[in-house]
>>> print(open('input_36.cif').read())   # mmCIF, N, CA and C atoms
data_entry
#
loop_
_atom_site.label_atom_id
_atom_site.label_comp_id
_atom_site.auth_asym_id
_atom_site.auth_seq_id
_atom_site.Cartn_x
_atom_site.Cartn_y
_atom_site.Cartn_z
N LYS D 1 13.15 7.43 1.01
CA LYS D 1 14.26 7.01 0.18
C LYS D 1 15.25 6.17 0.98
N TYR D 2 15.47 6.53 2.24
CA TYR D 2 16.49 5.84 3.03
C TYR D 2 15.92 4.88 4.05
N ILE D 3 14.61 4.76 4.09
CA ILE D 3 13.97 3.84 5.03
C ILE D 3 13.42 2.66 4.24
N PRO D 4 13.79 1.43 4.62
CA PRO D 4 13.25 0.27 3.90
C PRO D 4 11.73 0.20 4.01
N VAL D 5 11.12 -0.27 2.95
CA VAL D 5 9.66 -0.31 2.87
C VAL D 5 9.06 -1.21 3.94
N ILE D 6 9.76 -2.27 4.28
CA ILE D 6 9.22 -3.21 5.26
C ILE D 6 9.03 -2.55 6.63
N ILE D 7 9.76 -1.48 6.90
CA ILE D 7 9.59 -0.75 8.17
C ILE D 7 8.17 -0.19 8.26
N PHE D 8 7.64 0.31 7.15
CA PHE D 8 6.25 0.80 7.14
C PHE D 8 5.29 -0.37 7.38
N GLY D 9 5.63 -1.53 6.84
CA GLY D 9 4.83 -2.72 7.09
C GLY D 9 4.85 -3.11 8.56
N ILE D 10 6.00 -2.97 9.19
CA ILE D 10 6.10 -3.28 10.62
C ILE D 10 5.23 -2.33 11.45
N PHE D 11 5.20 -1.05 11.06
CA PHE D 11 4.31 -0.11 11.75
C PHE D 11 2.85 -0.51 11.58
N LEU D 12 2.49 -0.95 10.36
CA LEU D 12 1.11 -1.40 10.13
C LEU D 12 0.80 -2.63 10.97
N ILE D 13 1.75 -3.54 11.10
CA ILE D 13 1.55 -4.71 11.95
C ILE D 13 1.37 -4.28 13.40
N TYR D 14 2.13 -3.29 13.83
CA TYR D 14 2.01 -2.77 15.20
C TYR D 14 0.65 -2.15 15.44
N TRP D 15 0.18 -1.36 14.47
CA TRP D 15 -1.10 -0.66 14.64
C TRP D 15 -2.30 -1.59 14.47
N PHE D 16 -2.19 -2.57 13.58
CA PHE D 16 -3.30 -3.48 13.30
C PHE D 16 -2.83 -4.93 13.42
N PRO D 17 -2.55 -5.39 14.64
CA PRO D 17 -1.93 -6.71 14.79
C PRO D 17 -2.82 -7.89 14.42
N THR D 18 -4.12 -7.75 14.50
CA THR D 18 -5.00 -8.89 14.22
C THR D 18 -5.68 -8.80 12.87
N SER D 19 -5.45 -7.76 12.12
CA SER D 19 -6.13 -7.57 10.84
C SER D 19 -5.47 -8.40 9.74
N GLU D 20 -6.27 -9.16 9.03
CA GLU D 20 -5.77 -9.91 7.88
C GLU D 20 -5.82 -9.05 6.62
N ILE D 21 -6.64 -8.01 6.63
CA ILE D 21 -6.79 -7.15 5.46
C ILE D 21 -5.62 -6.18 5.31
N ILE D 22 -4.91 -5.92 6.39
CA ILE D 22 -3.85 -4.92 6.36
C ILE D 22 -2.74 -5.29 5.38
N GLU D 23 -2.56 -6.56 5.12
CA GLU D 23 -1.57 -7.00 4.13
C GLU D 23 -1.94 -6.50 2.74
N PHE D 24 -3.22 -6.57 2.42
CA PHE D 24 -3.69 -6.09 1.11
C PHE D 24 -3.61 -4.57 1.04
N VAL D 25 -3.94 -3.90 2.13
CA VAL D 25 -3.85 -2.44 2.17
C VAL D 25 -2.40 -2.02 1.98
N PHE D 26 -1.50 -2.71 2.65
CA PHE D 26 -0.07 -2.42 2.52
C PHE D 26 0.40 -2.60 1.08
N SER D 27 0.00 -3.68 0.44
CA SER D 27 0.43 -3.92 -0.94
C SER D 27 -0.17 -2.91 -1.91
N ILE D 28 -1.41 -2.50 -1.67
CA ILE D 28 -2.03 -1.50 -2.55
C ILE D 28 -1.34 -0.14 -2.39
N ILE D 29 -1.07 0.25 -1.15
CA ILE D 29 -0.37 1.52 -0.91
C ILE D 29 1.01 1.49 -1.55
N LEU D 30 1.71 0.39 -1.37
CA LEU D 30 3.04 0.25 -1.95
C LEU D 30 3.00 0.31 -3.48
N THR D 31 2.02 -0.34 -4.08
CA THR D 31 1.87 -0.33 -5.53
C THR D 31 1.55 1.06 -6.05
N VAL D 32 0.63 1.75 -5.40
CA VAL D 32 0.24 3.09 -5.85
C VAL D 32 1.43 4.04 -5.77
N PHE D 33 2.15 4.02 -4.65
CA PHE D 33 3.30 4.92 -4.53
C PHE D 33 4.39 4.59 -5.55
N THR D 34 4.67 3.32 -5.74
CA THR D 34 5.71 2.93 -6.68
C THR D 34 5.35 3.33 -8.11
N LEU D 35 4.11 3.06 -8.51
CA LEU D 35 3.71 3.40 -9.88
C LEU D 35 3.60 4.91 -10.07
N THR D 36 3.20 5.64 -9.03
CA THR D 36 3.15 7.10 -9.13
C THR D 36 4.54 7.67 -9.38
N PHE D 37 5.51 7.19 -8.62
CA PHE D 37 6.88 7.66 -8.83
C PHE D 37 7.43 7.20 -10.19
N ALA D 38 7.01 6.02 -10.63
CA ALA D 38 7.46 5.52 -11.94
C ALA D 38 6.91 6.39 -13.07
N VAL D 39 5.65 6.80 -12.97
CA VAL D 39 5.06 7.67 -13.98
C VAL D 39 5.77 9.02 -13.99
N LYS D 40 6.03 9.54 -12.80
CA LYS D 40 6.72 10.82 -12.70
C LYS D 40 8.12 10.74 -13.31
N GLU D 41 8.81 9.65 -13.04
CA GLU D 41 10.16 9.47 -13.58
C GLU D 41 10.13 9.23 -15.09
N ALA D 42 9.14 8.48 -15.57
CA ALA D 42 9.06 8.15 -16.99
C ALA D 42 8.71 9.38 -17.83
N LYS D 43 8.02 10.34 -17.25
CA LYS D 43 7.68 11.56 -18.00
C LYS D 43 8.92 12.32 -18.44
N LYS D 44 10.02 12.14 -17.73
CA LYS D 44 11.26 12.82 -18.09
C LYS D 44 11.81 12.31 -19.42
N TYR D 45 11.44 11.08 -19.79
CA TYR D 45 12.02 10.46 -20.98
C TYR D 45 11.11 10.53 -22.21
N VAL D 46 10.02 11.27 -22.11
CA VAL D 46 9.14 11.45 -23.27
C VAL D 46 9.89 12.31 -24.29
N LYS D 47 9.91 11.84 -25.51
CA LYS D 47 10.64 12.57 -26.55
C LYS D 47 9.92 13.86 -26.88
N SER D 48 10.66 14.93 -26.83
CA SER D 48 10.07 16.25 -27.08
C SER D 48 9.58 16.39 -28.51
N GLU D 49 10.16 15.61 -29.42
CA GLU D 49 9.72 15.69 -30.83
C GLU D 49 8.26 15.29 -30.96
N PHE D 50 7.85 14.28 -30.22
CA PHE D 50 6.46 13.83 -30.27
C PHE D 50 5.53 14.92 -29.75
N VAL D 51 5.89 15.48 -28.62
CA VAL D 51 5.04 16.48 -27.98
C VAL D 51 4.99 17.75 -28.82
N ASP D 52 6.14 18.22 -29.28
CA ASP D 52 6.19 19.47 -30.05
C ASP D 52 5.46 19.36 -31.38
N SER D 53 5.68 18.25 -32.08
CA SER D 53 5.02 18.11 -33.38
C SER D 53 3.51 17.97 -33.23
N THR D 54 3.07 17.28 -32.21
CA THR D 54 1.63 17.13 -31.99
C THR D 54 1.02 18.46 -31.56
N ALA D 55 1.71 19.17 -30.69
CA ALA D 55 1.21 20.47 -30.24
C ALA D 55 1.17 21.48 -31.38
N SER D 56 2.08 21.36 -32.34
CA SER D 56 2.10 22.30 -33.46
C SER D 56 0.88 22.14 -34.37
N PHE D 57 0.24 20.98 -34.33
CA PHE D 57 -0.97 20.77 -35.10
C PHE D 57 -2.21 21.30 -34.40
N GLY D 58 -2.03 21.85 -33.21
CA GLY D 58 -3.15 22.43 -32.48
C GLY D 58 -3.99 21.40 -31.73
N VAL D 59 -3.42 20.28 -31.42
CA VAL D 59 -4.13 19.23 -30.69
C VAL D 59 -4.31 19.66 -29.24
N SER D 60 -5.47 19.36 -28.67
CA SER D 60 -5.74 19.77 -27.30
C SER D 60 -4.79 19.06 -26.33
N SER D 61 -4.59 19.67 -25.18
CA SER D 61 -3.66 19.10 -24.21
C SER D 61 -4.18 17.77 -23.65
N LYS D 62 -5.49 17.60 -23.60
CA LYS D 62 -6.06 16.34 -23.12
C LYS D 62 -5.68 15.19 -24.07
N ILE D 63 -5.84 15.42 -25.34
CA ILE D 63 -5.48 14.39 -26.33
C ILE D 63 -3.97 14.18 -26.35
N LEU D 64 -3.22 15.27 -26.19
CA LEU D 64 -1.76 15.18 -26.15
C LEU D 64 -1.32 14.28 -24.99
N LYS D 65 -1.94 14.47 -23.82
CA LYS D 65 -1.58 13.65 -22.66
C LYS D 65 -2.00 12.20 -22.83
N GLN D 66 -3.20 12.00 -23.38
CA GLN D 66 -3.72 10.64 -23.52
C GLN D 66 -3.02 9.86 -24.62
N GLU D 67 -2.82 10.47 -25.74
CA GLU D 67 -2.35 9.74 -26.91
C GLU D 67 -0.83 9.75 -27.08
N ILE D 68 -0.17 10.80 -26.68
CA ILE D 68 1.27 10.90 -26.91
C ILE D 68 2.06 10.62 -25.64
N ILE D 69 1.81 11.40 -24.61
CA ILE D 69 2.61 11.27 -23.39
C ILE D 69 2.35 9.92 -22.72
N TRP D 70 1.09 9.56 -22.55
CA TRP D 70 0.77 8.31 -21.86
C TRP D 70 1.33 7.11 -22.62
N LYS D 71 1.16 7.09 -23.94
CA LYS D 71 1.65 5.96 -24.72
C LYS D 71 3.18 5.94 -24.80
N SER D 72 3.79 7.09 -24.62
CA SER D 72 5.25 7.14 -24.62
C SER D 72 5.84 6.59 -23.32
N ILE D 73 5.12 6.76 -22.22
CA ILE D 73 5.65 6.28 -20.95
C ILE D 73 5.20 4.85 -20.62
N LEU D 74 4.27 4.30 -21.38
CA LEU D 74 3.80 2.94 -21.10
C LEU D 74 4.90 1.88 -21.09
N PRO D 75 5.86 1.88 -22.02
CA PRO D 75 6.92 0.87 -21.94
C PRO D 75 7.73 0.95 -20.65
N GLU D 76 7.99 2.17 -20.17
CA GLU D 76 8.72 2.31 -18.90
C GLU D 76 7.87 1.83 -17.73
N ILE D 77 6.59 2.11 -17.78
CA ILE D 77 5.68 1.64 -16.72
C ILE D 77 5.61 0.12 -16.75
N LYS D 78 5.61 -0.44 -17.94
CA LYS D 78 5.57 -1.89 -18.08
C LYS D 78 6.80 -2.52 -17.42
N LYS D 79 7.97 -1.96 -17.66
CA LYS D 79 9.19 -2.47 -17.01
C LYS D 79 9.09 -2.35 -15.49
N GLU D 80 8.55 -1.24 -15.04
CA GLU D 80 8.43 -1.02 -13.60
C GLU D 80 7.44 -2.00 -12.97
N ILE D 81 6.40 -2.35 -13.69
CA ILE D 81 5.42 -3.30 -13.17
C ILE D 81 6.06 -4.66 -12.96
N PHE D 82 6.93 -5.09 -13.86
CA PHE D 82 7.62 -6.37 -13.68
C PHE D 82 8.59 -6.33 -12.51
N ARG D 83 9.27 -5.21 -12.33
CA ARG D 83 10.14 -5.08 -11.15
C ARG D 83 9.31 -5.05 -9.87
N LEU D 84 8.19 -4.35 -9.93
CA LEU D 84 7.31 -4.24 -8.77
C LEU D 84 6.72 -5.60 -8.41
N HIS D 85 6.45 -6.42 -9.41
CA HIS D 85 5.88 -7.74 -9.17
C HIS D 85 6.79 -8.57 -8.26
N ILE D 86 8.05 -8.65 -8.59
CA ILE D 86 9.00 -9.41 -7.77
C ILE D 86 9.21 -8.74 -6.42
N PHE D 87 9.29 -7.42 -6.43
CA PHE D 87 9.48 -6.67 -5.18
C PHE D 87 8.31 -6.89 -4.23
N LEU D 88 7.09 -6.86 -4.75
CA LEU D 88 5.91 -7.08 -3.90
C LEU D 88 5.90 -8.48 -3.31
N TRP D 89 6.26 -9.47 -4.09
CA TRP D 89 6.34 -10.83 -3.55
C TRP D 89 7.32 -10.88 -2.39
N SER D 90 8.48 -10.27 -2.56
CA SER D 90 9.50 -10.29 -1.51
C SER D 90 9.01 -9.59 -0.25
N VAL D 91 8.45 -8.41 -0.42
CA VAL D 91 8.00 -7.63 0.73
C VAL D 91 6.82 -8.31 1.42
N LEU D 92 5.89 -8.85 0.65
CA LEU D 92 4.74 -9.51 1.27
C LEU D 92 5.12 -10.81 1.97
N LEU D 93 6.09 -11.54 1.43
CA LEU D 93 6.57 -12.72 2.14
C LEU D 93 7.20 -12.33 3.48
N ALA D 94 8.00 -11.26 3.46
CA ALA D 94 8.59 -10.78 4.72
C ALA D 94 7.50 -10.28 5.67
N PHE D 95 6.51 -9.59 5.14
CA PHE D 95 5.39 -9.08 5.95
C PHE D 95 4.66 -10.24 6.62
N GLU D 96 4.34 -11.29 5.85
CA GLU D 96 3.65 -12.45 6.40
C GLU D 96 4.53 -13.20 7.39
N PHE D 97 5.82 -13.27 7.10
CA PHE D 97 6.76 -13.94 7.99
C PHE D 97 6.78 -13.25 9.36
N ILE D 98 6.77 -11.93 9.35
CA ILE D 98 6.81 -11.16 10.60
C ILE D 98 5.47 -11.20 11.31
N LYS D 99 4.40 -10.99 10.58
CA LYS D 99 3.07 -10.84 11.17
C LYS D 99 2.47 -12.17 11.61
N GLY D 100 2.62 -13.18 10.80
CA GLY D 100 1.91 -14.44 11.06
C GLY D 100 0.57 -14.40 10.35
N GLY D 101 -0.32 -15.27 10.72
CA GLY D 101 -1.63 -15.30 10.08
C GLY D 101 -1.64 -16.33 8.98
N TYR D 102 -2.12 -15.95 7.80
CA TYR D 102 -2.22 -16.86 6.68
C TYR D 102 -1.32 -16.39 5.55
N GLY D 103 -0.69 -17.33 4.88
CA GLY D 103 0.13 -16.98 3.73
C GLY D 103 1.39 -17.80 3.65
N LEU D 104 2.12 -17.58 2.57
CA LEU D 104 3.35 -18.34 2.33
C LEU D 104 4.45 -17.96 3.31
N GLY D 105 4.47 -16.72 3.75
CA GLY D 105 5.47 -16.30 4.73
C GLY D 105 5.37 -17.09 6.02
N VAL D 106 4.16 -17.43 6.42
CA VAL D 106 3.95 -18.21 7.63
C VAL D 106 4.42 -19.65 7.42
N LEU D 107 4.24 -20.16 6.20
CA LEU D 107 4.73 -21.50 5.90
C LEU D 107 6.26 -21.55 5.97
N PHE D 108 6.92 -20.50 5.48
CA PHE D 108 8.37 -20.42 5.61
C PHE D 108 8.78 -20.39 7.08
N LYS D 109 8.07 -19.60 7.87
CA LYS D 109 8.37 -19.48 9.30
C LYS D 109 8.20 -20.82 10.01
N SER D 110 7.13 -21.55 9.69
CA SER D 110 6.90 -22.85 10.31
C SER D 110 7.97 -23.85 9.91
N ALA D 111 8.32 -23.86 8.63
CA ALA D 111 9.35 -24.80 8.16
C ALA D 111 10.69 -24.50 8.83
N LEU D 112 11.00 -23.24 9.01
CA LEU D 112 12.25 -22.89 9.67
C LEU D 112 12.22 -23.23 11.17
N SER D 113 11.09 -22.99 11.80
CA SER D 113 11.01 -23.24 13.25
C SER D 113 11.09 -24.73 13.57
N TYR D 114 10.63 -25.59 12.66
CA TYR D 114 10.69 -27.04 12.87
C TYR D 114 11.89 -27.69 12.18
N ASN D 115 12.79 -26.88 11.63
CA ASN D 115 13.96 -27.39 10.89
C ASN D 115 13.54 -28.42 9.84
N ASP D 116 12.51 -28.08 9.09
CA ASP D 116 11.94 -28.98 8.10
C ASP D 116 12.44 -28.58 6.71
N ILE D 117 13.51 -29.25 6.27
CA ILE D 117 14.11 -28.91 4.98
C ILE D 117 13.18 -29.26 3.83
N SER D 118 12.45 -30.37 3.94
CA SER D 118 11.54 -30.75 2.85
C SER D 118 10.38 -29.75 2.75
N GLY D 119 9.89 -29.30 3.89
CA GLY D 119 8.85 -28.27 3.88
C GLY D 119 9.35 -26.97 3.30
N LEU D 120 10.59 -26.62 3.65
CA LEU D 120 11.20 -25.39 3.13
C LEU D 120 11.36 -25.45 1.61
N VAL D 121 11.80 -26.61 1.12
CA VAL D 121 11.94 -26.79 -0.33
C VAL D 121 10.57 -26.76 -1.00
N ALA D 122 9.58 -27.40 -0.40
CA ALA D 122 8.24 -27.42 -0.97
C ALA D 122 7.63 -26.02 -1.04
N VAL D 123 7.79 -25.26 0.04
CA VAL D 123 7.25 -23.89 0.05
C VAL D 123 8.01 -23.02 -0.95
N THR D 124 9.31 -23.23 -1.08
CA THR D 124 10.09 -22.48 -2.06
C THR D 124 9.63 -22.79 -3.48
N LEU D 125 9.41 -24.07 -3.76
CA LEU D 125 8.91 -24.45 -5.09
C LEU D 125 7.51 -23.89 -5.33
N LEU D 126 6.66 -23.93 -4.32
CA LEU D 126 5.31 -23.37 -4.44
C LEU D 126 5.37 -21.86 -4.70
N THR D 127 6.24 -21.18 -3.98
CA THR D 127 6.39 -19.73 -4.17
C THR D 127 6.93 -19.43 -5.56
N GLY D 128 7.96 -20.14 -5.97
CA GLY D 128 8.53 -19.93 -7.30
C GLY D 128 7.54 -20.20 -8.41
N THR D 129 6.75 -21.27 -8.25
CA THR D 129 5.73 -21.58 -9.25
C THR D 129 4.66 -20.50 -9.30
N SER D 130 4.25 -20.03 -8.14
CA SER D 130 3.24 -18.96 -8.09
C SER D 130 3.75 -17.69 -8.75
N ILE D 131 4.98 -17.32 -8.45
CA ILE D 131 5.56 -16.12 -9.05
C ILE D 131 5.65 -16.29 -10.57
N PHE D 132 6.07 -17.46 -11.03
CA PHE D 132 6.17 -17.72 -12.46
C PHE D 132 4.82 -17.62 -13.14
N ILE D 133 3.79 -18.22 -12.56
CA ILE D 133 2.44 -18.18 -13.15
C ILE D 133 1.93 -16.75 -13.23
N PHE D 134 2.10 -15.99 -12.14
CA PHE D 134 1.65 -14.60 -12.16
C PHE D 134 2.47 -13.77 -13.14
N ASP D 135 3.75 -14.06 -13.28
CA ASP D 135 4.59 -13.33 -14.22
C ASP D 135 4.16 -13.58 -15.66
N VAL D 136 3.87 -14.83 -16.00
CA VAL D 136 3.40 -15.15 -17.35
C VAL D 136 2.06 -14.48 -17.62
N ALA D 137 1.15 -14.54 -16.65
CA ALA D 137 -0.16 -13.90 -16.82
C ALA D 137 -0.01 -12.39 -16.97
N LEU D 138 0.87 -11.80 -16.17
CA LEU D 138 1.10 -10.36 -16.25
C LEU D 138 1.69 -9.97 -17.60
N LYS D 139 2.61 -10.77 -18.12
CA LYS D 139 3.18 -10.48 -19.45
C LYS D 139 2.12 -10.56 -20.53
N LYS D 140 1.26 -11.57 -20.48
CA LYS D 140 0.21 -11.69 -21.49
C LYS D 140 -0.75 -10.50 -21.43
N ILE D 141 -1.13 -10.11 -20.23
CA ILE D 141 -2.05 -8.98 -20.08
C ILE D 141 -1.40 -7.69 -20.55
N LEU D 142 -0.18 -7.43 -20.11
CA LEU D 142 0.47 -6.17 -20.47
C LEU D 142 0.84 -6.11 -21.95
N ASN D 143 1.16 -7.23 -22.55
CA ASN D 143 1.46 -7.22 -23.98
C ASN D 143 0.22 -6.93 -24.83
N ARG D 144 -0.93 -7.15 -24.29
CA ARG D 144 -2.18 -6.79 -25.00
C ARG D 144 -2.50 -5.31 -24.81
N VAL D 145 -1.99 -4.70 -23.76
CA VAL D 145 -2.30 -3.30 -23.46
C VAL D 145 -1.25 -2.35 -24.02
N VAL D 146 0.02 -2.71 -23.87
CA VAL D 146 1.12 -1.82 -24.25
C VAL D 146 1.61 -2.22 -25.65
N PHE D 147 1.30 -1.39 -26.63
CA PHE D 147 1.68 -1.67 -28.02
C PHE D 147 2.88 -0.84 -28.46
N TRP D 148 3.02 0.32 -27.92
CA TRP D 148 3.97 1.29 -28.43
C TRP D 148 5.28 1.19 -27.66
N GLU D 149 6.33 0.75 -28.33
CA GLU D 149 7.65 0.63 -27.69
C GLU D 149 8.50 1.83 -28.06
#
>>> encode(input="input_36.cif", output="structure tokens")
Amino acid sequence: KYIPVIIFGIFLIYWFPTSEIIEFVFSIILTVFTLTFAVKEAKKYVKSEFVDSTASFGVSSKILKQEIIWKSILPEIKKEIFRLHIFLWSVLLAFEFIKGGYGLGVLFKSALSYNDISGLVAVTLLTGTSIFIFDVALKKILNRVVFWE
């Protein structure tokens, strides 16, 4: 809670300095932990009326979890995924900036080291465009999956 996430990334860079895959491992671990905590937090906001009325009909707990609880927390998970999307871009850019190797973070580092304002603007526009494209794709995909608001 009180340690910035990038510190864990720095430890991974220390332990695996030449690995290019560690960036993906770091992002997957970060995503899993964030979504796990989001699901746990979203369960608090499930309306008891839905659960109680469904349980009163004698519905099994498996169906109750799949059809009522899961669909009730999907809108909150959807919001968290959009926050996570921007957060992951920020953390991974910082990770690449620190580690080196391949990626947009390294392009930022090179542009800064050579005092190249045009390169910095170009990489910023490339990053912003990439984030926008992924955001639009993510919205289209999630709007097809999450129906219940």
>>> resolve_selection(input="input_36.cif", expression="the PyMOL selection byres (((chain D and resi 108 and name CA) around 12) and name CA)", output="MDAnalysis selection string")
chainID D and resid 93:98 100 102:107 109:127
>>> resolve_selection(input="input_36.cif", expression="the PyMOL selection byres ((chain D and resi 75-85) around 6.5)", output="mmCIF file with N, CA and C atoms, in the coordinates of the input")
data_model
loop_
_atom_site.group_PDB
_atom_site.id
_atom_site.type_symbol
_atom_site.label_atom_id
_atom_site.label_comp_id
_atom_site.auth_asym_id
_atom_site.auth_seq_id
_atom_site.Cartn_x
_atom_site.Cartn_y
_atom_site.Cartn_z
ATOM 1 N N ALA D 38 7.010 6.020 -10.630
ATOM 2 C CA ALA D 38 7.460 5.520 -11.940
ATOM 3 C C ALA D 38 6.910 6.390 -13.070
ATOM 4 N N VAL D 39 5.650 6.800 -12.970
ATOM 5 C CA VAL D 39 5.060 7.670 -13.980
ATOM 6 C C VAL D 39 5.770 9.020 -13.990
ATOM 7 N N ALA D 42 9.140 8.480 -15.570
ATOM 8 C CA ALA D 42 9.060 8.150 -16.990
ATOM 9 C C ALA D 42 8.710 9.380 -17.830
ATOM 10 N N LYS D 71 1.160 7.090 -23.940
ATOM 11 C CA LYS D 71 1.650 5.960 -24.720
ATOM 12 C C LYS D 71 3.180 5.940 -24.800
ATOM 13 N N SER D 72 3.790 7.090 -24.620
ATOM 14 C CA SER D 72 5.250 7.140 -24.620
ATOM 15 C C SER D 72 5.840 6.590 -23.320
ATOM 16 N N ILE D 73 5.120 6.760 -22.220
ATOM 17 C CA ILE D 73 5.650 6.280 -20.950
ATOM 18 C C ILE D 73 5.200 4.850 -20.620
ATOM 19 N N LEU D 74 4.270 4.300 -21.380
ATOM 20 C CA LEU D 74 3.800 2.940 -21.100
ATOM 21 C C LEU D 74 4.900 1.880 -21.090
ATOM 22 N N ILE D 86 8.050 -8.650 -8.590
ATOM 23 C CA ILE D 86 9.000 -9.410 -7.770
ATOM 24 C C ILE D 86 9.210 -8.740 -6.420
ATOM 25 N N PHE D 87 9.290 -7.420 -6.430
ATOM 26 C CA PHE D 87 9.480 -6.670 -5.180
ATOM 27 C C PHE D 87 8.310 -6.890 -4.230
ATOM 28 N N LEU D 88 7.090 -6.860 -4.750
ATOM 29 C CA LEU D 88 5.910 -7.080 -3.900
ATOM 30 C C LEU D 88 5.900 -8.480 -3.310
ATOM 31 N N TRP D 89 6.260 -9.470 -4.090
ATOM 32 C CA TRP D 89 6.340 -10.830 -3.550
ATOM 33 C C TRP D 89 7.320 -10.880 -2.390
ATOM 34 N N SER D 90 8.480 -10.270 -2.560
ATOM 35 C CA SER D 90 9.500 -10.290 -1.510
ATOM 36 C C SER D 90 9.010 -9.590 -0.250
ATOM 37 N N VAL D 146 0.020 -2.710 -23.870
ATOM 38 C CA VAL D 146 1.120 -1.820 -24.250
ATOM 39 C C VAL D 146 1.610 -2.220 -25.650
ATOM 40 N N TRP D 148 3.020 0.320 -27.920
ATOM 41 C CA TRP D 148 3.970 1.290 -28.430
ATOM 42 C C TRP D 148 5.280 1.190 -27.660
ATOM 43 N N GLU D 149 6.330 0.750 -28.330
ATOM 44 C CA GLU D 149 7.650 0.630 -27.690
ATOM 45 C C GLU D 149 8.500 1.830 -28.060
#
>>> atom_distance(input="input_36.cif", atom1="atom N of Ser48 in chain D", atom2="atom N of Thr36 in chain D")
21.4 Å
>>> atom_distance(input="input_36.cif", atom1="CA of Phe24 in chain D", atom2="atom C of Ile7 in chain D")
15.1 Å
>>> atom_distance(input="input_36.cif", atom1="atom C of Pro4 in chain D", atom2="CA of Val91 in chain D")
9.3 Å
>>> select_by_dssp(input="input_36.cif", residues="chain D", states="helix (DSSP H, G or I)", output="MDAnalysis selection string")
chainID D and resid 5:15 22:45 48:56 61:99 104:113 117:145
>>> residues_around(input="input_36.cif", residues="Ser19 in chain D", least_positions_apart="4", cutoff="10 Å", atoms="only C-alpha atoms", output="MDAnalysis selection string")
chainID D and resid 12:13 15 23 99 101
>>> closest_residue(input="input_36.cif", among="D:Lys47, D:Leu92, D:Glu41, D:Lys62", to="Val25 in chain D", atoms="only C-alpha atoms")
D:Leu92
>>> resolve_selection(input="input_36.cif", expression="the PyMOL selection byres (((chain D and resi 1 and name CA) around 12) and name CA)", output="PDB file with N, CA and C atoms, keeping the file's coordinate frame")
ATOM      1  N   TYR D   2      15.470   6.530   2.240  1.00  0.00           N
ATOM      2  CA  TYR D   2      16.490   5.840   3.030  1.00  0.00           C
ATOM      3  C   TYR D   2      15.920   4.880   4.050  1.00  0.00           C
ATOM      4  N   ILE D   3      14.610   4.760   4.090  1.00  0.00           N
ATOM      5  CA  ILE D   3      13.970   3.840   5.030  1.00  0.00           C
ATOM      6  C   ILE D   3      13.420   2.660   4.240  1.00  0.00           C
ATOM      7  N   PRO D   4      13.790   1.430   4.620  1.00  0.00           N
ATOM      8  CA  PRO D   4      13.250   0.270   3.900  1.00  0.00           C
ATOM      9  C   PRO D   4      11.730   0.200   4.010  1.00  0.00           C
ATOM     10  N   VAL D   5      11.120  -0.270   2.950  1.00  0.00           N
ATOM     11  CA  VAL D   5       9.660  -0.310   2.870  1.00  0.00           C
ATOM     12  C   VAL D   5       9.060  -1.210   3.940  1.00  0.00           C
ATOM     13  N   THR D  34       4.670   3.320  -5.740  1.00  0.00           N
ATOM     14  CA  THR D  34       5.710   2.930  -6.680  1.00  0.00           C
ATOM     15  C   THR D  34       5.350   3.330  -8.110  1.00  0.00           C
ATOM     16  N   PHE D  37       5.510   7.190  -8.620  1.00  0.00           N
ATOM     17  CA  PHE D  37       6.880   7.660  -8.830  1.00  0.00           C
ATOM     18  C   PHE D  37       7.430   7.200 -10.190  1.00  0.00           C
TER      19      PHE D  37
END
>>> decode(input="input_36.cif", residues="range 84-99 of chain D", atoms="C-alpha atoms", output="PDB file, in the first residue's frame")
ATOM      1  CA  LEU D  84      -5.429   0.047 -15.019  1.00  0.00           C
ATOM      2  CA  HIS D  85      -4.881   0.620 -18.732  1.00  0.00           C
ATOM      3  CA  ILE D  86      -3.457   4.116 -18.206  1.00  0.00           C
ATOM      4  CA  PHE D  87      -1.620   3.049 -15.058  1.00  0.00           C
ATOM      5  CA  LEU D  88       0.072   0.152 -16.875  1.00  0.00           C
ATOM      6  CA  TRP D  89       1.219   2.423 -19.688  1.00  0.00           C
ATOM      7  CA  SER D  90       2.759   4.799 -17.147  1.00  0.00           C
ATOM      8  CA  VAL D  91       4.475   2.086 -15.146  1.00  0.00           C
ATOM      9  CA  LEU D  92       5.752   0.226 -18.206  1.00  0.00           C
ATOM     10  CA  LEU D  93       7.139   3.420 -19.736  1.00  0.00           C
ATOM     11  CA  ALA D  94       8.991   4.077 -16.481  1.00  0.00           C
ATOM     12  CA  PHE D  95      10.126   0.429 -16.380  1.00  0.00           C
ATOM     13  CA  GLU D  96      11.500   0.639 -19.932  1.00  0.00           C
ATOM     14  CA  PHE D  97      13.065   4.024 -19.219  1.00  0.00           C
ATOM     15  CA  ILE D  98      14.956   2.573 -16.248  1.00  0.00           C
ATOM     16  CA  LYS D  99      15.816  -0.822 -17.720  1.00  0.00           C
TER      17      LYS D  99
END
